[in-house]
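**Student:** Contents of target.cif (mmCIF, C-alpha atoms) are given next:
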data_work
loop_
_atom_site.label_atom_id
_atom_site.label_comp_id
_atom_site.auth_asym_id
_atom_site.auth_seq_id
_atom_site.Cartn_x
_atom_site.Cartn_y
_atom_site.Cartn_z
CA LEU D 1 -124.35 23.07 147.58
CA SER D 2 -127.82 22.24 146.42
CA ALA D 3 -128.90 23.50 143.01
CA LEU D 4 -131.34 26.00 144.54
CA SER D 5 -128.85 27.51 146.98
CA PHE D 6 -126.21 27.57 144.24
CA PHE D 7 -128.36 29.72 141.94
CA GLU D 8 -129.39 31.98 144.82
CA THR D 9 -125.73 32.79 145.47
CA HIS D 10 -124.60 32.87 141.82
CA SER D 11 -127.12 35.16 140.18
CA ILE D 12 -126.21 38.55 138.74
CA ASN D 13 -129.00 41.15 139.04
CA GLY D 14 -131.53 38.34 139.47
CA THR D 15 -130.49 36.58 136.25
CA HIS D 16 -128.49 33.39 136.13
CA SER D 17 -125.10 33.52 134.47
CA THR D 18 -122.94 30.94 132.74
CA PHE D 19 -119.93 32.09 134.73
CA THR D 20 -118.87 33.40 138.12
CA LYS D 21 -116.39 36.21 138.58
CA ALA D 22 -113.08 35.57 140.29
CA ALA D 23 -109.83 37.45 140.92
CA ILE D 24 -106.26 36.42 140.15
CA LEU D 25 -104.26 36.71 143.36
CA GLY D 26 -100.84 35.75 142.06
CA TYR D 27 -98.66 32.79 141.24
CA LEU D 28 -98.11 29.75 143.43
CA ARG D 29 -94.88 30.46 145.28
CA SER D 30 -92.61 29.50 148.11
CA LYS D 31 -90.16 31.64 150.04
CA VAL D 32 -87.69 31.85 147.17
CA ASN D 33 -89.33 30.39 144.04
CA GLN D 34 -92.42 31.37 142.15
CA TYR D 35 -94.25 28.84 139.95
CA VAL D 36 -95.81 30.78 137.08
CA GLY D 37 -97.49 27.68 135.68
CA THR D 38 -99.96 27.68 138.59
CA THR D 39 -102.16 30.67 139.39
CA LEU D 40 -104.02 31.35 142.65
CA ILE D 41 -107.63 32.46 142.19
CA ARG D 42 -110.26 33.72 144.65
CA ILE D 43 -113.81 32.96 143.45
CA ASP D 44 -116.60 35.34 144.51
CA GLY D 45 -118.76 33.85 147.25
CA VAL D 46 -116.39 30.98 148.08
CA LYS D 47 -115.24 31.29 151.68
CA ASP D 48 -113.85 27.89 152.69
CA ARG D 49 -112.32 24.70 151.35
CA LYS D 50 -115.64 22.82 151.37
CA ASP D 51 -117.19 25.35 148.95
CA THR D 52 -114.32 24.89 146.45
CA GLU D 53 -115.37 21.27 145.82
CA TYR D 54 -118.06 22.35 143.31
CA TYR D 55 -115.52 24.25 141.19
CA MET D 56 -112.91 21.49 140.75
CA GLY D 57 -112.36 20.87 137.03
CA LYS D 58 -114.32 23.94 135.93
CA ARG D 59 -112.94 26.02 133.04
CA VAL D 60 -111.47 29.47 133.68
CA ALA D 61 -111.22 32.25 131.08
CA TYR D 62 -108.89 35.25 131.32
CA VAL D 63 -110.37 37.70 128.80
CA TYR D 64 -108.28 40.69 127.70
CA ARG D 65 -107.83 43.08 124.79
CA GLY D 66 -104.82 42.96 122.47
CA LYS D 67 -103.39 45.78 120.40
CA LYS D 68 -103.81 44.29 116.91
CA GLU D 69 -107.04 43.03 115.46
CA ILE D 70 -106.96 39.29 114.71
CA ASN D 71 -109.91 37.55 113.00
CA GLY D 72 -111.93 40.76 113.24
CA THR D 73 -111.57 41.27 117.00
CA ARG D 74 -109.09 42.56 119.54
CA VAL D 75 -110.52 40.38 122.33
CA ARG D 76 -108.34 37.43 123.35
CA VAL D 77 -108.81 34.62 125.85
CA ILE D 78 -106.43 32.36 127.77
CA TRP D 79 -108.25 29.22 128.94
CA GLY D 80 -107.42 27.25 132.04
CA LYS D 81 -108.84 24.75 134.49
CA ILE D 82 -109.26 24.76 138.27
CA ALA D 83 -106.93 22.08 139.57
CA ARG D 84 -107.26 21.91 143.37
CA PRO D 85 -107.93 23.96 146.50
CA HIS D 86 -105.19 26.08 148.06
CA GLY D 87 -105.42 26.32 151.83
CA ASN D 88 -108.63 26.52 153.84
CA SER D 89 -109.95 29.98 152.91
CA GLY D 90 -111.58 29.18 149.55
CA VAL D 91 -108.66 30.02 147.26
CA VAL D 92 -108.05 27.59 144.37
CA ARG D 93 -105.14 26.77 142.08
CA ALA D 94 -105.65 26.98 138.32
CA ARG D 95 -103.47 25.86 135.41
CA PHE D 96 -103.73 27.81 132.16
CA GLN D 97 -102.81 26.73 128.61
CA LYS D 98 -100.35 29.60 128.46
CA ASN D 99 -98.95 31.11 131.63
CA ILE D 100 -100.85 34.15 132.84
CA PRO D 101 -98.83 37.36 132.24
CA ALA D 102 -97.74 39.38 135.27
CA ARG D 103 -99.92 42.33 134.25
CA ALA D 104 -102.97 40.09 134.84
CA LEU D 105 -102.32 39.78 138.57
CA GLY D 106 -105.29 41.35 140.33
CA ALA D 107 -107.44 41.11 137.20
CA THR D 108 -110.85 39.47 136.93
CA VAL D 109 -111.36 36.05 135.35
CA ARG D 110 -114.50 34.10 134.52
CA VAL D 111 -115.09 30.70 136.11
CA MET D 112 -117.43 28.88 133.74
CA MET D 113 -120.20 26.62 135.02
CA PHE D 114 -118.96 23.77 132.83
CA PRO D 115 -117.99 20.97 132.63
CA SER D 116 -120.65 19.68 135.01
CA ARG D 117 -119.79 16.82 137.36
CA VAL D 118 -123.40 16.20 138.42
#
What's the structure tokens form of this structure?

**Tutor:**
Amino acid sequence: LSALSFFETHSINGTHSTFTKAAILGYLRSKVNQYVGTTLIRIDGVKDRKDTEYYMGKRVAYVYRGKKEINGTRVRVIWGKIARPHGNSGVVRARFQKNIPARALGATVRVMMFPSRV
């Protein structure tokens, strides 16, 4: 992706954002086992394996609200990193510092535009 085409496809209401939205699909799994340490993520606008190349190594943030207030806020974040592609349809695998809870499956995450590999 060139820089111009990237910003054309990654703008929100005409403004450029520091992150792209993505959805948690589930855990990496086989027929019998499920590997909760690796999460499958579909990034908005990414349709094939070639498009995932830009996002390798980018940081991912799962932002949620907790019940108790800690340090003056109820907002919490679990950080992760995009590790590798998964298949040919634009899905990627991400590893988080703490495993993503099951209630987060189907939720939205933020894929940050850093660190840059350019």

**Student:** Under the rule that all atoms listed in the file are counted, which of D:Arg49, D:Arg110, D:Lys67, D:Arg117 is the nearest residue to Thr20 (chain D)?

**Tutor:**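 Closest residue, counting all atoms listed in the file: D:Arg110.
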
**Student:** Tell me which of D:Val92, D:Ile100, D:Val77, D:Ile82 sits closest to Tyr35 (chain D), counting only C-alpha atoms.

**Tutor:**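 Closest to Tyr35 (chain D), using only C-alpha atoms: D:Ile100.
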
**Student:** Using all atoms listed in the file, which of the listed residues (D:Gly26, D:Thr18, D:Asp51, D:Val32) sits closest to Leu105 (chain D)?

**Tutor:**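 When distances to Leu105 (chain D) are compared using all atoms listed in the file, the smallest one comes from D:Gly26.
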
**Student:** Can you spell out as a PyMOL selection string the set of residues that the PyMOL selection byres ((chain D and resi 115) around 9) selects in the structure I just provided?

**Tutor:** chain D and resi 57-59+112-114+116-117

**Student:** Output C-alpha atoms for every residue in the selection just made, as a compact mmCIF listing (two decimals), in the frame of the given file.

**Tutor:**
# COMPACT_ATOMS: atom_id res chain seq x y z
CA GLY D 57 -112.36 20.87 137.03
CA LYS D 58 -114.32 23.94 135.93
CA ARG D 59 -112.94 26.02 133.04
CA MET D 112 -117.43 28.88 133.74
CA MET D 113 -120.20 26.62 135.02
CA PHE D 114 -118.96 23.77 132.83
CA SER D 116 -120.65 19.68 135.01
CA ARG D 117 -119.79 16.82 137.36

**Student:** Taking 6 positions as the minimum chain separation for residues in the same chain, which residues sit within 12 Å of region 71-75 of chain D when counting only C-alpha atoms? Answer as a VMD selection string.

**Tutor:** chain D and resid 61 to 65

**Student:** How far is it from CA of Tyr27 (chain D) to CA of Ile70 (chain D), in Å with one decimal?

**Tutor:**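 Straight-line distance from CA of Tyr27 (chain D) to CA of Ile70 (chain D) works out to 28.5 Å.
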
**Student:** Closest to Leu40 (chain D) among D:Ile24, D:Val118, D:Met56, D:Ile78, using all atoms listed in the file?

**Tutor:**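 Nearest candidate to Leu40 (chain D) out of D:Ile24, D:Val118, D:Met56, D:Ile78: D:Ile24.
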
**Student:** With the PyMOL selection byres ((chain D and resi 93) around 8) as the selection, what would be picked from this file? Answer as a list in words, please.

**Tutor:** Leu28, Thr38, Thr39, Leu40, Ile41, Ile82, Ala83, Arg84, Pro85, His86, Val91, Val92, Ala94 and Arg95 of chain D

**Student:** Save the residues we just selected, C-alpha atoms, as an mmCIF file, in the frame of the given file?

**Tutor:**
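What landed in again_27.cif:
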data_model
loop_
_atom_site.group_PDB
_atom_site.id
_atom_site.type_symbol
_atom_site.label_atom_id
_atom_site.label_comp_id
_atom_site.auth_asym_id
_atom_site.auth_seq_id
_atom_site.Cartn_x
_atom_site.Cartn_y
_atom_site.Cartn_z
ATOM 1 C CA LEU D 28 -98.110 29.750 143.430
ATOM 2 C CA THR D 38 -99.960 27.680 138.590
ATOM 3 C CA THR D 39 -102.160 30.670 139.390
ATOM 4 C CA LEU D 40 -104.020 31.350 142.650
ATOM 5 C CA ILE D 41 -107.630 32.460 142.190
ATOM 6 C CA ILE D 82 -109.260 24.760 138.270
ATOM 7 C CA ALA D 83 -106.930 22.080 139.570
ATOM 8 C CA ARG D 84 -107.260 21.910 143.370
ATOM 9 C CA PRO D 85 -107.930 23.960 146.500
ATOM 10 C CA HIS D 86 -105.190 26.080 148.060
ATOM 11 C CA VAL D 91 -108.660 30.020 147.260
ATOM 12 C CA VAL D 92 -108.050 27.590 144.370
ATOM 13 C CA ALA D 94 -105.650 26.980 138.320
ATOM 14 C CA ARG D 95 -103.470 25.860 135.410
#

**Student:** Using only C-alpha atoms, which residue out of D:Lys81, D:Val109, D:Ser17, D:Asn88 lies closest to Gly37 (chain D)?

**Tutor:**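 Closest residue, counting only C-alpha atoms: D:Lys81.
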
**Student:** Could you tell me how far CA of Thr52 (chain D) lies from CA of Ala23 (chain D), in Å and to one decimal?

**Tutor:** 14.4 Å

**Student:** If you apply the PyMOL selection byres ((chain D and resi 96) around 6) to this file, what residues do you get, as a list in words?

**Tutor:**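 On this input, the PyMOL selection byres ((chain D and resi 96) around 6) captures Trp79, Gly80, Arg95, Gln97, Lys98 and Asn99 of chain D.
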
**Student:** Interatomic distance between CA of Leu25 (chain D) and CA of Lys68 (chain D)?

**Tutor:**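 Value for the CA of Leu25 (chain D)-CA of Lys68 (chain D) distance: 27.5 Å.
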
**Student:** Grab all the atoms of region 61-70 of chain D that the file lists, wrap them in a box along x, y and z, add 6 Å per side, and give me centre plus edge lengths in Å (one decimal) as JSON.

**Tutor:**
{"center_x": -107.3, "center_y": 39.0, "center_z": 123.0, "size_x": 19.8, "size_y": 25.5, "size_z": 28.6}
